[in-house]
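Source file: work.txt. Holds: compact mmCIF, C-alpha atoms.
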# COMPACT_ATOMS: atom_id res chain seq x y z
CA MET A 32 0.00 0.00 0.00
CA THR A 33 1.23 3.49 -0.84
CA ASN A 34 2.47 5.40 2.18
CA ALA A 35 0.98 8.80 2.87
CA ALA A 36 3.26 11.80 2.73
CA PRO A 37 4.19 13.02 6.22
CA VAL A 38 2.14 15.96 7.40
CA SER A 39 5.33 17.96 7.90
CA ALA A 40 6.04 17.75 4.16
CA ARG A 41 2.77 19.46 3.26
CA ARG A 42 1.99 23.09 2.67
CA ASP A 43 1.28 24.96 5.88
CA LEU A 44 -2.46 25.45 5.58
CA THR A 45 -3.27 25.32 9.27
CA GLN A 46 -5.34 28.51 9.01
CA ALA A 47 -7.16 27.64 5.78
CA PRO A 48 -10.86 28.12 6.63
CA LEU A 49 -11.97 24.83 5.09
CA LEU A 50 -9.46 22.79 7.06
CA VAL A 51 -10.17 24.69 10.28
CA ALA A 52 -13.92 24.11 9.93
CA ALA A 53 -13.43 20.45 9.00
CA ARG A 54 -11.55 19.91 12.24
CA GLY A 55 -14.17 21.69 14.35
CA GLY A 56 -12.34 24.98 14.83
CA ALA A 57 -13.47 28.55 14.31
CA PRO A 58 -12.42 29.69 10.81
CA SER A 59 -11.88 33.30 9.80
CA HIS A 60 -14.95 33.01 7.56
CA VAL A 61 -17.45 30.34 6.57
CA PRO A 62 -15.65 28.26 3.92
CA VAL A 63 -17.41 27.39 0.68
CA TRP A 64 -16.78 25.18 -2.33
CA PHE A 65 -19.13 23.43 -4.75
CA MET A 66 -19.34 19.81 -5.74
CA ARG A 67 -18.78 19.52 -9.51
CA GLN A 68 -17.30 23.01 -9.53
CA ALA A 69 -14.40 21.72 -11.63
CA GLY A 70 -16.07 21.99 -15.02
CA ARG A 71 -19.74 21.58 -15.86
CA SER A 72 -21.00 25.17 -15.89
CA LEU A 73 -17.84 27.04 -16.91
CA PRO A 74 -17.34 28.12 -20.54
CA GLU A 75 -13.58 27.88 -20.09
CA TYR A 76 -14.06 24.23 -19.11
CA ARG A 77 -16.09 23.45 -22.21
CA GLU A 78 -13.39 25.11 -24.29
CA VAL A 79 -10.49 23.04 -22.96
CA ARG A 80 -12.54 19.80 -22.91
CA ALA A 81 -13.78 20.14 -26.49
CA GLY A 82 -13.21 16.85 -28.28
CA VAL A 83 -11.51 15.19 -25.31
CA PRO A 84 -13.30 12.14 -23.82
CA MET A 85 -13.84 12.26 -20.07
CA LEU A 86 -11.51 9.42 -19.12
CA GLN A 87 -8.77 10.80 -21.36
CA ALA A 88 -9.14 14.16 -19.64
CA CYS A 89 -8.87 12.55 -16.21
CA PHE A 90 -5.60 10.82 -17.21
CA THR A 91 -4.05 13.95 -18.76
CA PRO A 92 -2.30 15.69 -15.81
CA GLU A 93 -1.98 19.16 -17.35
CA LEU A 94 -5.63 19.21 -18.43
CA ALA A 95 -6.88 17.88 -15.09
CA CYS A 96 -4.80 20.55 -13.35
CA GLU A 97 -6.20 23.35 -15.52
CA VAL A 98 -9.82 22.30 -15.03
CA THR A 99 -9.32 21.98 -11.27
CA LEU A 100 -7.92 25.52 -11.09
CA GLN A 101 -10.65 27.19 -13.15
CA PRO A 102 -13.32 27.58 -10.42
CA VAL A 103 -10.71 28.75 -7.92
CA ARG A 104 -9.71 31.56 -10.27
CA ARG A 105 -13.27 32.48 -11.19
CA HIS A 106 -15.20 32.09 -7.93
CA GLY A 107 -12.64 32.48 -5.15
CA VAL A 108 -13.80 29.26 -3.47
CA ASP A 109 -12.03 28.00 -0.37
CA ALA A 110 -10.96 24.68 -1.90
CA ALA A 111 -10.20 23.09 -5.22
CA ILE A 112 -11.46 19.58 -5.87
CA LEU A 113 -9.45 17.36 -8.13
CA PHE A 114 -10.93 16.97 -11.60
CA SER A 115 -11.50 13.23 -11.90
CA ASP A 116 -14.32 10.68 -11.80
CA ILE A 117 -15.30 8.00 -9.32
CA VAL A 118 -14.72 5.23 -11.90
CA VAL A 119 -11.14 6.33 -12.64
CA PRO A 120 -9.51 3.70 -10.37
CA LEU A 121 -11.67 0.96 -11.90
CA ALA A 122 -10.68 2.02 -15.42
CA ALA A 123 -7.04 2.34 -14.40
CA ALA A 124 -7.04 -1.15 -12.92
CA GLY A 125 -8.32 -2.59 -16.19
CA VAL A 126 -12.11 -2.82 -15.84
CA ASP A 127 -13.65 -2.41 -19.31
CA LEU A 128 -15.83 0.66 -18.96
CA ASP A 129 -16.50 4.02 -20.55
CA ILE A 130 -18.09 7.28 -19.46
CA VAL A 131 -20.79 7.83 -22.07
CA PRO A 132 -21.90 11.47 -22.53
CA GLY A 133 -25.46 11.92 -21.34
CA THR A 134 -25.50 8.51 -19.65
CA GLY A 135 -22.53 8.10 -17.31
CA PRO A 136 -20.30 5.11 -16.60
CA VAL A 137 -21.16 2.01 -18.64
CA VAL A 138 -19.49 -1.32 -17.76
CA ALA A 139 -18.96 -3.79 -20.60
CA ASP A 140 -19.15 -6.93 -18.44
CA PRO A 141 -21.28 -6.47 -15.30
CA VAL A 142 -20.19 -8.20 -12.09
CA ARG A 143 -22.89 -10.56 -10.84
CA SER A 144 -21.24 -13.75 -9.57
CA ALA A 145 -18.47 -14.95 -7.29
CA ALA A 146 -16.39 -15.74 -10.37
CA ASP A 147 -16.89 -12.20 -11.66
CA VAL A 148 -15.69 -10.80 -8.34
CA ALA A 149 -12.66 -13.09 -8.28
CA ALA A 150 -11.72 -11.86 -11.76
CA LEU A 151 -11.69 -8.19 -10.78
CA PRO A 152 -8.21 -6.63 -11.00
CA ALA A 153 -6.47 -4.94 -8.11
CA LEU A 154 -5.11 -1.42 -8.44
CA ASP A 155 -1.38 -0.87 -8.80
CA PRO A 156 -0.46 2.69 -7.73
CA ALA A 157 1.53 3.07 -10.96
CA GLN A 158 -1.74 2.78 -12.88
CA VAL A 159 -2.96 6.08 -11.42
CA GLU A 160 0.36 7.92 -11.65
CA PRO A 161 -1.22 10.50 -14.01
CA VAL A 162 -3.65 11.38 -11.20
CA ALA A 163 -0.78 11.73 -8.74
CA GLN A 164 1.05 13.91 -11.25
CA ALA A 165 -2.00 16.17 -11.57
CA VAL A 166 -2.10 16.52 -7.78
CA ARG A 167 1.56 17.47 -7.66
CA LEU A 168 1.02 20.09 -10.36
CA LEU A 169 -1.91 21.53 -8.42
CA VAL A 170 -0.04 21.69 -5.13
CA GLY A 171 2.49 23.90 -6.89
CA GLU A 172 -0.22 26.18 -8.29
CA LEU A 173 -2.78 26.55 -5.50
CA GLY A 174 -0.83 28.56 -2.95
CA GLN A 175 -2.94 28.73 0.23
CA THR A 176 -6.02 27.07 -1.28
CA PRO A 177 -6.51 23.47 -0.10
CA LEU A 178 -6.92 20.66 -2.61
CA ILE A 179 -9.59 18.01 -2.03
CA GLY A 180 -9.02 14.55 -3.46
CA PHE A 181 -11.82 12.05 -3.75
CA ALA A 182 -13.02 8.58 -4.63
CA GLY A 183 -16.26 6.67 -4.94
CA ALA A 184 -17.27 4.59 -1.94
CA PRO A 185 -17.44 0.80 -2.29
CA PHE A 186 -21.25 0.65 -2.52
CA THR A 187 -21.52 3.24 -5.26
CA LEU A 188 -18.74 1.60 -7.29
CA ALA A 189 -20.43 -1.76 -6.78
CA SER A 190 -23.74 -0.40 -8.02
CA TYR A 191 -22.15 0.60 -11.34
CA LEU A 192 -20.37 -2.74 -11.68
CA VAL A 193 -23.44 -4.84 -10.87
CA GLU A 194 -26.00 -2.81 -12.81
CA GLY A 195 -23.65 -2.22 -15.74
CA GLY A 196 -24.30 1.52 -15.55
CA PRO A 197 -26.50 4.09 -13.82
CA SER A 198 -29.71 2.74 -12.30
CA ARG A 199 -32.83 4.33 -10.85
CA HIS A 200 -33.82 1.41 -8.61
CA HIS A 201 -30.60 -0.59 -8.13
CA GLU A 202 -32.61 -3.77 -8.43
CA ARG A 203 -29.73 -6.05 -9.46
CA THR A 204 -27.53 -4.57 -6.75
CA LYS A 205 -30.10 -5.14 -4.01
CA ALA A 206 -30.89 -8.59 -5.32
CA LEU A 207 -27.21 -9.61 -5.16
CA MET A 208 -26.64 -8.26 -1.66
CA HIS A 209 -29.65 -10.12 -0.26
CA SER A 210 -29.51 -13.35 -2.29
CA ASP A 211 -25.74 -13.87 -2.11
CA PRO A 212 -24.29 -11.92 0.83
CA GLU A 213 -20.97 -13.78 0.64
CA THR A 214 -20.36 -12.64 -2.94
CA TRP A 215 -21.60 -9.15 -2.09
CA HIS A 216 -19.18 -8.72 0.80
CA ALA A 217 -16.33 -10.12 -1.28
CA LEU A 218 -17.10 -7.52 -3.95
CA LEU A 219 -17.20 -4.63 -1.48
CA ASP A 220 -14.09 -5.87 0.28
CA HIS A 221 -12.25 -5.79 -3.05
CA LEU A 222 -13.57 -2.32 -3.86
CA ALA A 223 -12.69 -1.01 -0.40
CA GLY A 224 -9.09 -2.06 -0.97
CA LEU A 225 -9.02 -0.46 -4.40
CA THR A 226 -10.57 2.77 -3.11
CA LEU A 227 -8.21 2.96 -0.18
CA GLU A 228 -5.21 2.49 -2.46
CA PHE A 229 -6.43 5.24 -4.80
CA LEU A 230 -6.99 7.69 -1.96
CA ARG A 231 -3.61 7.00 -0.39
CA VAL A 232 -1.96 7.72 -3.75
CA GLN A 233 -3.66 11.12 -3.69
CA VAL A 234 -2.56 11.78 -0.11
CA ALA A 235 1.01 10.85 -0.93
CA ALA A 236 0.92 13.27 -3.87
CA GLY A 237 -0.20 16.11 -1.62
CA VAL A 238 -3.98 16.55 -1.33
CA ASP A 239 -5.12 18.41 1.79
CA ALA A 240 -8.49 16.72 2.36
CA LEU A 241 -10.43 13.77 0.96
CA GLN A 242 -14.08 13.22 0.11
CA LEU A 243 -15.62 9.76 -0.14
CA PHE A 244 -18.69 9.89 -2.40
CA ASP A 245 -21.35 7.27 -1.67
CA SER A 246 -23.61 8.81 -4.26
CA TRP A 247 -26.26 6.07 -4.33
CA ALA A 248 -26.31 4.95 -0.69
CA GLY A 249 -29.61 6.81 -0.24
CA ALA A 250 -31.31 3.97 -2.14
CA LEU A 251 -30.87 1.78 0.96
CA SER A 252 -32.69 1.38 4.24
CA GLU A 253 -30.65 2.06 7.36
CA ALA A 254 -30.69 -1.66 8.22
CA ASP A 255 -29.34 -2.62 4.80
CA TYR A 256 -26.78 0.18 4.93
CA ARG A 257 -25.48 -1.00 8.29
CA ARG A 258 -25.34 -4.64 7.24
CA PHE A 259 -24.08 -4.42 3.68
CA VAL A 260 -22.24 -1.10 3.34
CA LEU A 261 -21.07 0.50 6.57
CA PRO A 262 -18.29 -2.02 7.37
CA HIS A 263 -16.65 -1.41 4.00
CA SER A 264 -16.90 2.38 4.10
CA ARG A 265 -15.50 2.24 7.62
CA ARG A 266 -12.57 0.18 6.36
CA VAL A 267 -11.73 2.88 3.80
CA LEU A 268 -11.98 5.78 6.21
CA SER A 269 -10.22 4.02 9.09
CA GLY A 270 -7.44 3.12 6.67
CA LEU A 271 -6.87 6.85 6.18
CA ALA A 272 -6.81 7.74 9.87
CA ASP A 273 -3.03 8.21 9.73
CA ALA A 274 -3.12 10.35 6.58
CA GLY A 275 -3.20 13.65 8.47
CA VAL A 276 -5.98 15.16 6.32
CA PRO A 277 -9.69 15.75 7.06
CA LEU A 278 -12.10 13.17 5.68
CA ILE A 279 -15.50 14.07 4.23
CA HIS A 280 -18.27 11.52 3.57
CA PHE A 281 -21.21 12.39 1.31
CA GLY A 282 -24.23 10.71 -0.22
CA VAL A 283 -27.44 11.78 -1.95
CA GLY A 284 -30.79 11.09 -0.30
CA THR A 285 -29.07 9.89 2.87
CA GLY A 286 -31.05 11.87 5.43
CA GLU A 287 -32.14 8.66 7.18
CA LEU A 288 -28.56 7.38 7.13
CA LEU A 289 -26.72 10.39 8.54
CA GLY A 290 -26.14 8.87 11.96
CA ALA A 291 -24.89 5.62 10.45
CA MET A 292 -22.69 7.44 7.95
CA ARG A 293 -21.09 9.37 10.79
CA GLU A 294 -20.12 6.00 12.30
CA ALA A 295 -18.04 5.26 9.19
CA GLY A 296 -15.44 7.59 10.65
CA ALA A 297 -15.29 10.82 8.66
CA ASP A 298 -14.53 14.24 10.16
CA VAL A 299 -17.23 15.87 8.02
CA VAL A 300 -20.58 14.49 6.89
CA GLY A 301 -22.03 15.95 3.70
CA VAL A 302 -25.77 16.67 3.73
CA ASP A 303 -27.97 17.01 0.66
CA TRP A 304 -30.75 19.63 0.49
CA ARG A 305 -33.50 17.43 1.96
CA VAL A 306 -32.55 17.83 5.64
CA PRO A 307 -31.94 21.22 7.34
CA LEU A 308 -28.47 21.48 8.82
CA ASP A 309 -29.68 22.00 12.38
CA GLU A 310 -31.65 18.75 12.13
CA ALA A 311 -28.68 17.04 10.45
CA ALA A 312 -26.50 18.18 13.36
CA ARG A 313 -28.93 16.52 15.75
CA ARG A 314 -28.87 13.29 13.75
CA VAL A 315 -25.08 13.00 13.51
CA GLY A 316 -24.43 14.21 17.06
CA PRO A 317 -21.47 16.21 18.35
CA GLY A 318 -17.89 15.89 17.23
CA VAL A 319 -18.37 16.05 13.47
CA ALA A 320 -18.64 18.97 11.05
CA LEU A 321 -21.29 19.25 8.36
CA GLN A 322 -21.02 20.18 4.70
CA GLY A 323 -23.88 21.54 2.60
CA ASN A 324 -26.55 22.07 1.61
CA LEU A 325 -28.11 24.49 -0.90
CA ASP A 326 -30.40 22.81 -3.42
CA PRO A 327 -28.54 23.26 -6.75
CA ALA A 328 -31.85 23.74 -8.56
CA LEU A 329 -32.48 26.92 -6.59
CA LEU A 330 -29.54 28.58 -8.31
CA PHE A 331 -32.01 29.10 -11.20
CA ALA A 332 -34.66 30.78 -9.02
CA GLY A 333 -33.34 34.34 -8.97
CA TRP A 334 -30.99 36.10 -6.58
CA ASP A 335 -33.59 36.97 -3.92
CA VAL A 336 -34.38 33.28 -3.46
CA VAL A 337 -30.73 32.26 -3.51
CA GLU A 338 -29.72 34.90 -0.98
CA ALA A 339 -32.47 33.95 1.45
CA GLU A 340 -31.56 30.28 1.22
CA VAL A 341 -27.84 30.92 1.68
CA ARG A 342 -28.50 33.01 4.78
CA ARG A 343 -30.81 30.34 6.22
CA ILE A 344 -28.29 27.55 5.61
CA VAL A 345 -25.37 29.43 7.16
CA GLU A 346 -27.49 30.25 10.21
CA GLN A 347 -28.62 26.64 10.61
CA GLY A 348 -25.04 25.47 10.08
CA HIS A 349 -24.16 27.17 13.37
CA ALA A 350 -25.73 24.14 15.08
CA ALA A 351 -22.92 21.89 13.86
CA ASP A 352 -19.40 21.46 15.19
CA GLY A 353 -18.04 23.12 12.08
CA HIS A 354 -19.75 24.02 8.80
CA ILE A 355 -18.49 24.01 5.21
CA PHE A 356 -20.97 25.63 2.85
CA ASN A 357 -21.68 23.64 -0.29
CA LEU A 358 -24.53 22.57 -2.51
CA GLY A 359 -26.63 19.55 -1.60
CA HIS A 360 -25.37 17.89 -4.80
CA GLY A 361 -23.32 18.95 -7.82
CA VAL A 362 -23.42 22.10 -9.94
CA MET A 363 -25.80 21.63 -12.87
CA PRO A 364 -24.29 22.30 -16.32
CA GLU A 365 -26.70 25.15 -17.14
CA THR A 366 -25.94 27.07 -13.94
CA ASP A 367 -24.92 30.71 -14.42
CA PRO A 368 -21.34 30.94 -13.10
CA ALA A 369 -21.97 34.51 -11.98
CA VAL A 370 -24.52 33.23 -9.46
CA LEU A 371 -21.95 30.87 -7.97
CA THR A 372 -19.49 33.74 -7.61
CA ARG A 373 -22.16 35.82 -5.80
CA VAL A 374 -22.89 32.89 -3.48
CA VAL A 375 -19.20 32.69 -2.52
CA GLU A 376 -19.10 36.43 -1.83
CA LEU A 377 -22.26 36.26 0.27
CA VAL A 378 -21.12 33.24 2.31
CA HIS A 379 -17.81 34.94 3.03
CA SER A 380 -19.65 38.03 4.31
CA LEU A 381 -21.79 36.13 6.83
CA PRO A 382 -20.78 35.55 10.47
CA VAL A 383 -19.25 32.28 11.55
CA ALA A 384 -20.74 30.28 14.40
CA PRO A 385 -20.20 31.73 17.88
CA GLU A 386 -17.26 30.31 19.80
CA ARG A 387 -18.21 27.35 21.95
CA GLU A 388 -16.65 24.24 23.34
CA ARG A 389 -16.43 21.67 20.58
CA VAL A 390 -16.37 17.95 21.20
CA ARG A 391 -14.22 15.84 18.91
CA SER A 392 -14.21 12.07 18.95
Render the structure in this file as structure tokens.
Amino acid sequence: MTNAAPVSARRDLTQAPLLVAARGGAPSHVPVWFMRQAGRSLPEYREVRAGVPMLQACFTPELACEVTLQPVRRHGVDAAILFSDIVVPLAAAGVDLDIVPGTGPVVADPVRSAADVAALPALDPAQVEPVAQAVRLLVGELGQTPLIGFAGAPFTLASYLVEGGPSRHHERTKALMHSDPETWHALLDHLAGLTLEFLRVQVAAGVDALQLFDSWAGALSEADYRRFVLPHSRRVLSGLADAGVPLIHFGVGTGELLGAMREAGADVVGVDWRVPLDEAARRVGPGVALQGNLDPALLFAGWDVVEAEVRRIVEQGHAADGHIFNLGHGVMPETDPAVLTRVVELVHSLPVAPERERVRS
């Protein structure tokens, strides 16, 4: 397994608002970044990506670096997030898949049996060296802005492998986990190892925080999440406990799972727009920061609506032991970038939570 770079070798970002908030401190201002900020809505992104397939872009260090930097330059956000995709480590390891425009990841040979799981390749760190190179380029360019690395959580990766692509109901995934738990756990154990390896490569290259995306975990009941998913997400996050960087855990539609997701071991739990942050703080309990949670659709509703929602969210975020402002999911492609810039300016102008004793586990 790749060793993480020692904390002493990293940039001194001890006062960076995002990192302070993630660790439960009192930042100089409320930090803000946006999921899917690297690309999507920016005309400069569409220009540099023209004619370049998604996976090729992810494995081209200079291009990945440029796209990652674009929202930092334009919006003044408090963090960059590495331009990549959650299926990158699968593709790097040799899984036959493609990211189809308008559809998403499509897997040529779905994984639905014990033999399929046994045939899955492991990840050699050398296979994601272009990603590490992009991180190293970014560390040299970002100055005092933290860089967030990320990966897909084992359940979400498994859902793509089992379904063969995106799914509304995850019927094959749920059928496998219940009808053949042994094969299911073998699959997630393999994916946890692959994910952990990929994240440690990013840490060794110099990222300052990590986000584990369990995008589709909200399709599960809490009982199924605890039985079939939580142990494997916990393995990933506990395997990064010595990395010296804050860990963020996020899923969509996971309001009923927030308490269980906190048990996976992250420093920050991401919250989508369905649960107010003060209620989310109650569900996760003390000792963890929250990230979120403006509904990305409301960015189309006019500035008066956006401003009122931003103010409400920042106020409710005071209930948490640390708050990082974000959307409740990713930036939509048609979003006006000027609105995102105004959101950053507004969030930065609002007061941080009052000083209080913070409990950290």
For atom CA of Leu241 of chain A and atom CA of Pro277 of chain A, the interatomic separation in Å (one decimal): 6.5 Å
Selection: 6 Å around segment 113-122 of chain A, all atoms listed in the file, excl. self and same-chain fewer than 5 positions, as a PyMOL selection string: chain A and resi 69+89+95+99+180+182-183
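Minimum distance to Ser144 of chain A across A:Arg343, A:Arg231, A:Arg373, A:Arg203 (counting all atoms listed in the file) occurs at A:Arg203.
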Against segment 207-214 of chain A, which residues of segment 252-280 of chain A fall within 10 Å? For each one I want the closest pair of atoms and the distance in Å (one decimal), counting all atoms listed in the file, rows by chain and increasing residue number, as a Markdown table.
| residue | atom | partner | partner_atom | distance |
| --- | --- | --- | --- | --- |
| A:Asp255 | CA | A:Met208 | CA | 9.0 |
| A:Arg258 | CA | A:Met208 | CA | 9.7 |
| A:Phe259 | CA | A:Met208 | CA | 7.1 |
| A:Val260 | CA | A:Met208 | CA | 9.8 |
Between atom CA of Val166 of chain A and atom CA of Thr285 of chain A - distance in Å to one decimal: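 Distance reported for this atom pair: 29.7 Å.
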Coordinates-based distance that separates atom CA of Pro152 of chain A from atom CA of Ala223 of chain A (Å, one decimal):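 These two atoms are separated by 12.8 Å.
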Leaving out Cys96 of chain A and any residue of its chain fewer than 3 positions from it, which residues lie within 7 Å of it when counting only C-alpha atoms, given as a compact mmCIF listing (two decimals) with C-alpha atoms, keeping the file's coordinate frame?
# COMPACT_ATOMS: atom_id res chain seq x y z
CA PRO A 92 -2.30 15.69 -15.81
CA GLU A 93 -1.98 19.16 -17.35
CA THR A 99 -9.32 21.98 -11.27
CA LEU A 100 -7.92 25.52 -11.09
CA ALA A 165 -2.00 16.17 -11.57
CA LEU A 168 1.02 20.09 -10.36
CA LEU A 169 -1.91 21.53 -8.42
Nearest to Gly296 of chain A by atom-to-atom distance, counting all atoms listed in the file, from A:Pro327, A:Pro262, A:Pro185, A:Pro84: A:Pro262
For segment 47-62 of chain A, take all atoms listed in the file, fit an axis-aligned box around them, add 8 Å to each of the six sides, then output centre and edge lengths in Å rounded to one decimal, as AutoDock Vina command-line options.
--center_x -12.3 --center_y 26.6 --center_z 9.4 --size_x 26.3 --size_y 29.4 --size_z 26.9
Counting all atoms listed in the file, the residue of A:Thr91, A:Asn357, A:Gln46, A:Ser264 that sits nearest Phe186 of chain A: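 That would be A:Ser264, the residue with the smallest distance to Phe186 of chain A.
Among the candidates A:Tyr191, A:Phe181, A:Phe356, A:Phe90, the residue lying nearest to Gln233 of chain A is A:Phe181 (atoms considered: all atoms listed in the file).
Closest approach to Ala272 of chain A among A:Ala312, A:Ala369, A:Val131, A:Leu227: A:Leu227, based on all atoms listed in the file.
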Surrounding residues of His106 of chain A excluding itself and chain neighbours under 4 positions, 10 Å, all atoms listed in the file, as a list in words: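 Once the adjacent positions are removed, what remains is Trp64, Gln68, Gln101, Pro102, Pro368, Ala369, Val370, Leu371, Thr372, Arg373, Val374, Val375 and Glu376 of chain A.
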Kindly provide the residues of segment 279-335 of chain A that approach segment 346-350 of chain A to within 10 Å, each paired with its closest atom pair and their distance in Å to one decimal, based on all atoms listed in the file, listed by chain and increasing number, as CSV.
residue,atom,partner,partner_atom,distance
A:Pro307,CA,A:Gln347,CA,7.1
A:Leu308,CA,A:Gly348,CA,5.4
A:Asp309,CA,A:Gln347,CA,5.1
A:Glu310,CA,A:Ala350,CA,8.5
A:Ala311,CA,A:Ala350,CA,9.0
A:Ala312,CA,A:Ala350,CA,6.3
A:Arg313,CA,A:Ala350,CA,8.3
A:Pro317,CA,A:Ala350,CA,9.6
A:Ala320,CA,A:Gly348,CA,9.2
A:Leu321,CA,A:Gly348,CA,7.5
A:Gln322,CA,A:Gly348,CA,8.5
A:Gly323,CA,A:Gly348,CA,8.5
A:Asn324,CA,A:Gly348,CA,9.3
Near-Val148 of chain A list (9 Å; only C-alpha atoms; drop same-chain fewer than 2 positions) as a ChimeraX atom specification: /A:142-146,150-152,214-215,217-218,221
Residue neighbourhood Leu178 of chain A, 8 Å, all atoms listed in the file, exclusion window fewer than 6 positions, as an NGL selection string: :A and (110-113 or 169-170 or 238-240)
Could those residues be written to a file, using C-alpha atoms, as a tab-separated table (two decimals), keeping the file's coordinate frame?
chain	number	residue	atom	x	y	z
A	110	ALA	CA	-10.96	24.68	-1.90
A	111	ALA	CA	-10.20	23.09	-5.22
A	112	ILE	CA	-11.46	19.58	-5.87
A	113	LEU	CA	-9.45	17.36	-8.13
A	169	LEU	CA	-1.91	21.53	-8.42
A	170	VAL	CA	-0.04	21.69	-5.13
A	238	VAL	CA	-3.98	16.55	-1.33
A	239	ASP	CA	-5.12	18.41	1.79
A	240	ALA	CA	-8.49	16.72	2.36
Selected residue, from A:Gln175, A:Arg54, A:Arg167, A:Ala351, that lies nearest to Gly107 of chain A when counting only C-alpha atoms: A:Gln175
Cut-off 12 Å around (-20.9, 39.0, 4.0) with all atoms listed in the file: residues as an MDAnalysis selection string: chainID A and resid 60:62 338 341:342 345 373:383
Radius query 12 Å about (-30.7, 15.1, -1.9), atoms used: all atoms listed in the file, as a list in words: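 These residues have at least one counted atom within 12 Å: Ser246, Trp247, Ala248, Gly249, Ala250, Phe281, Gly282, Val283, Gly284, Thr285, Gly286, Glu287, Gly301, Val302, Asp303, Trp304, Arg305, Val306, Pro307, Gly323, Asn324, Leu325, Asp326, Pro327, Ala328, Leu358, Gly359, His360 and Gly361 of chain A.
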Using the incomplete input, complete segment 372-383 of chain A to the level of N, CA and C atoms; output as a JSON list (two decimals), in the coordinates of the input.
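Ended up saving to out_16.json:
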[["chain", "number", "residue", "atom", "x", "y", "z"],
["A", 372, "THR", "N", -20.43, 32.75, -8.15],
["A", 372, "THR", "CA", -19.49, 33.74, -7.61],
["A", 372, "THR", "C", -20.17, 34.60, -6.55],
["A", 373, "ARG", "N", -21.42, 35.02, -6.79],
["A", 373, "ARG", "CA", -22.16, 35.82, -5.80],
["A", 373, "ARG", "C", -22.42, 35.02, -4.53],
["A", 374, "VAL", "N", -22.68, 33.72, -4.67],
["A", 374, "VAL", "CA", -22.89, 32.89, -3.48],
["A", 374, "VAL", "C", -21.62, 32.87, -2.63],
["A", 375, "VAL", "N", -20.46, 32.69, -3.27],
["A", 375, "VAL", "CA", -19.20, 32.69, -2.52],
["A", 375, "VAL", "C", -19.03, 34.01, -1.78],
["A", 376, "GLU", "N", -19.25, 35.12, -2.46],
["A", 376, "GLU", "CA", -19.10, 36.43, -1.83],
["A", 376, "GLU", "C", -20.05, 36.59, -0.65],
["A", 377, "LEU", "N", -21.29, 36.14, -0.81],
["A", 377, "LEU", "CA", -22.26, 36.26, 0.27],
["A", 377, "LEU", "C", -21.86, 35.39, 1.46],
["A", 378, "VAL", "N", -21.51, 34.13, 1.21],
["A", 378, "VAL", "CA", -21.12, 33.24, 2.31],
["A", 378, "VAL", "C", -19.95, 33.83, 3.08],
["A", 379, "HIS", "N", -18.98, 34.36, 2.37],
["A", 379, "HIS", "CA", -17.81, 34.94, 3.03],
["A", 379, "HIS", "C", -18.15, 36.16, 3.88],
["A", 380, "SER", "N", -19.26, 36.82, 3.57],
["A", 380, "SER", "CA", -19.65, 38.03, 4.31],
["A", 380, "SER", "C", -20.44, 37.72, 5.57],
["A", 381, "LEU", "N", -20.91, 36.48, 5.72],
["A", 381, "LEU", "CA", -21.79, 36.13, 6.83],
["A", 381, "LEU", "C", -20.99, 35.69, 8.05],
["A", 382, "PRO", "N", -21.53, 35.90, 9.25],
["A", 382, "PRO", "CA", -20.78, 35.55, 10.47],
["A", 382, "PRO", "C", -20.61, 34.05, 10.64],
["A", 383, "VAL", "N", -19.49, 33.68, 11.21],
["A", 383, "VAL", "CA", -19.25, 32.28, 11.55],
["A", 383, "VAL", "C", -20.00, 31.96, 12.84]]
